[in-house]
$ cat entry35.pdb   # PDB, C-alpha atoms, pLDDT in the B column
ATOM      1  CA  MET A   1     160.063  13.577 166.064  1.00 82.00           C
ATOM      2  CA  SER A   2     159.635  16.967 164.523  1.00 88.00           C
ATOM      3  CA  LEU A   3     160.503  17.863 160.973  1.00 88.00           C
ATOM      4  CA  VAL A   4     161.054  21.470 160.033  1.00 93.00           C
ATOM      5  CA  ILE A   5     160.553  22.429 156.407  1.00 93.00           C
ATOM      6  CA  SER A   6     161.522  25.981 155.624  1.00 95.00           C
ATOM      7  CA  ASN A   7     159.131  28.440 154.032  1.00 95.00           C
ATOM      8  CA  GLU A   8     161.661  28.730 151.206  1.00 96.00           C
ATOM      9  CA  ILE A   9     161.174  25.063 150.325  1.00 95.00           C
ATOM     10  CA  LEU A  10     157.394  25.320 150.612  1.00 95.00           C
ATOM     11  CA  GLU A  11     157.454  28.325 148.298  1.00 96.00           C
ATOM     12  CA  LYS A  12     159.716  26.500 145.848  1.00 97.00           C
ATOM     13  CA  ILE A  13     157.335  23.535 145.619  1.00 96.00           C
ATOM     14  CA  GLU A  14     154.342  25.889 145.694  1.00 97.00           C
ATOM     15  CA  MET A  15     152.607  24.159 148.584  1.00 96.00           C
ATOM     16  CA  SER A  16     151.365  25.144 151.991  1.00 96.00           C
ATOM     17  CA  GLU A  17     152.324  23.168 155.071  1.00 95.00           C
ATOM     18  CA  GLY A  18     148.855  21.569 155.097  1.00 95.00           C
ATOM     19  CA  GLN A  19     149.046  20.594 151.433  1.00 97.00           C
ATOM     20  CA  LEU A  20     152.425  18.945 151.953  1.00 97.00           C
ATOM     21  CA  GLN A  21     151.086  17.100 154.982  1.00 97.00           C
ATOM     22  CA  ILE A  22     148.205  15.760 152.867  1.00 98.00           C
ATOM     23  CA  GLU A  23     150.576  14.673 150.096  1.00 98.00           C
ATOM     24  CA  ILE A  24     152.739  12.786 152.584  1.00 97.00           C
ATOM     25  CA  ALA A  25     149.656  11.095 154.056  1.00 98.00           C
ATOM     26  CA  VAL A  26     148.460  10.025 150.589  1.00 98.00           C
ATOM     27  CA  MET A  27     151.898   8.705 149.665  1.00 98.00           C
ATOM     28  CA  LEU A  28     152.235   6.675 152.862  1.00 97.00           C
ATOM     29  CA  PHE A  29     148.685   5.352 152.472  1.00 96.00           C
ATOM     30  CA  GLN A  30     149.424   4.238 148.905  1.00 96.00           C
ATOM     31  CA  GLN A  31     152.564   2.478 150.123  1.00 96.00           C
ATOM     32  CA  GLU A  32     150.422   0.774 152.794  1.00 91.00           C
ATOM     33  CA  ARG A  33     152.581   2.257 155.544  1.00 95.00           C
ATOM     34  CA  PHE A  34     149.536   4.102 156.936  1.00 94.00           C
ATOM     35  CA  THR A  35     146.070   2.752 157.507  1.00 89.00           C
ATOM     36  CA  LEU A  36     143.179   4.886 156.342  1.00 91.00           C
ATOM     37  CA  ALA A  37     142.653   6.193 159.882  1.00 90.00           C
ATOM     38  CA  GLN A  38     146.338   6.971 160.373  1.00 94.00           C
ATOM     39  CA  ALA A  39     146.588   8.766 157.037  1.00 97.00           C
ATOM     40  CA  ALA A  40     143.467  10.816 157.719  1.00 97.00           C
ATOM     41  CA  ARG A  41     144.777  11.837 161.141  1.00 96.00           C
ATOM     42  CA  PHE A  42     148.181  12.752 159.710  1.00 97.00           C
ATOM     43  CA  ALA A  43     146.489  14.835 157.004  1.00 98.00           C
ATOM     44  CA  CYS A  44     144.315  16.533 159.681  1.00 97.00           C
ATOM     45  CA  LEU A  45     141.166  15.368 157.880  1.00 97.00           C
ATOM     46  CA  ASN A  46     138.300  13.198 159.015  1.00 95.00           C
ATOM     47  CA  GLN A  47     138.162   9.758 157.402  1.00 93.00           C
ATOM     48  CA  LEU A  48     135.293  10.636 155.083  1.00 94.00           C
ATOM     49  CA  ALA A  49     137.111  13.708 153.746  1.00 97.00           C
ATOM     50  CA  PHE A  50     140.275  11.664 153.247  1.00 97.00           C
ATOM     51  CA  GLN A  51     138.311   8.947 151.439  1.00 96.00           C
ATOM     52  CA  LYS A  52     136.793  11.595 149.145  1.00 97.00           C
ATOM     53  CA  LEU A  53     140.281  12.939 148.438  1.00 98.00           C
ATOM     54  CA  LEU A  54     141.462   9.432 147.526  1.00 97.00           C
ATOM     55  CA  ALA A  55     138.398   8.880 145.334  1.00 96.00           C
ATOM     56  CA  ASN A  56     138.998  12.169 143.492  1.00 97.00           C
ATOM     57  CA  ARG A  57     142.530  10.980 142.767  1.00 97.00           C
ATOM     58  CA  GLN A  58     141.262   7.501 141.819  1.00 95.00           C
ATOM     59  CA  ILE A  59     143.344   5.888 144.559  1.00 95.00           C
ATOM     60  CA  PRO A  60     141.774   2.627 145.703  1.00 90.00           C
ATOM     61  CA  LEU A  61     141.178   1.882 149.365  1.00 89.00           C
ATOM     62  CA  HIS A  62     142.953  -1.046 150.942  1.00 81.00           C
ATOM     63  CA  TYR A  63     140.895  -2.022 153.914  1.00 72.00           C
ATOM     64  CA  GLY A  64     141.868  -5.104 155.835  1.00 74.00           C
ATOM     65  CA  MET A  65     141.551  -6.594 159.286  1.00 81.00           C
ATOM     66  CA  GLU A  66     143.946  -4.071 160.858  1.00 78.00           C
ATOM     67  CA  GLU A  67     141.858  -1.150 159.591  1.00 71.00           C
ATOM     68  CA  LEU A  68     138.645  -2.838 160.707  1.00 79.00           C
ATOM     69  CA  MET A  69     139.998  -3.376 164.214  1.00 84.00           C
ATOM     70  CA  GLU A  70     141.282   0.202 164.400  1.00 78.00           C
ATOM     71  CA  ASP A  71     137.892   1.555 163.326  1.00 78.00           C
ATOM     72  CA  PHE A  72     136.140  -0.705 165.822  1.00 83.00           C
ATOM     73  CA  TYR A  73     138.444   0.503 168.602  1.00 84.00           C
ATOM     74  CA  ASN A  74     137.869   4.145 167.630  1.00 79.00           C
ATOM     75  CA  LEU A  75     134.087   3.678 167.745  1.00 82.00           C
ATOM     76  CA  GLN A  76     134.141   2.476 171.351  1.00 82.00           C
TER
END
$ encode --input "entry35.pdb" --output "C-alpha cells"
Amino acid sequence: MSLVISNEILEKIEMSEGQLQIEIAVMLFQQERFTLAQAARFACLNQLAFQKLLANRQIPLHYGMEELMEDFYNLQ
C-alpha cells in the first residue's frame, strides 16, 4: 500500500517526509503495533539510532520474545 501525503500538508504541519515517517514509527512502537526492528526499518534508521531517539524522548523499550526472535533471525 502506498500513502501519498501532499507537500501542502507537510508544509502545514511543518515536517519533512522523513520526519513524519519517524513520528509514525514512534507512535506505532508506543502502541506496540511495531517491534523495535520494524519501527526502526519504517523510520529508515538503524536500531541503535532508533533506540537513541526513543531514549531522548524518554520512551521506554518494550522488548519481549517476539523482538528477541526477530533480532536473532536478523543476525543469522
$ residues_near_point --input "entry35.pdb" --point "(139.3, 11.8, 155.4)" --cutoff "12 Å" --atoms "only C-alpha atoms" --output "PyMOL selection string"
chain A and resi 22+25-26+29+35-56+61
$ atom_distance --input "entry35.pdb" --atom1 "atom CA of Leu68 of chain A" --atom2 "atom CA of Gln30 of chain A"
17.5 Å
$ resolve_selection --input "entry35.pdb" --expression "the PyMOL selection byres ((chain A and resi 20) around 12)" --output "ChimeraX atom specification"
/A:5,7,9-11,13-19,21-27,42-44
$ atom_distance --input "entry35.pdb" --atom1 "atom CA of Asp71 of chain A" --atom2 "atom CA of Ile59 of chain A"
20.0 Å
$ atom_distance --input "entry35.pdb" --atom1 "atom CA of Phe34 of chain A" --atom2 "atom CA of Tyr63 of chain A"
11.0 Å
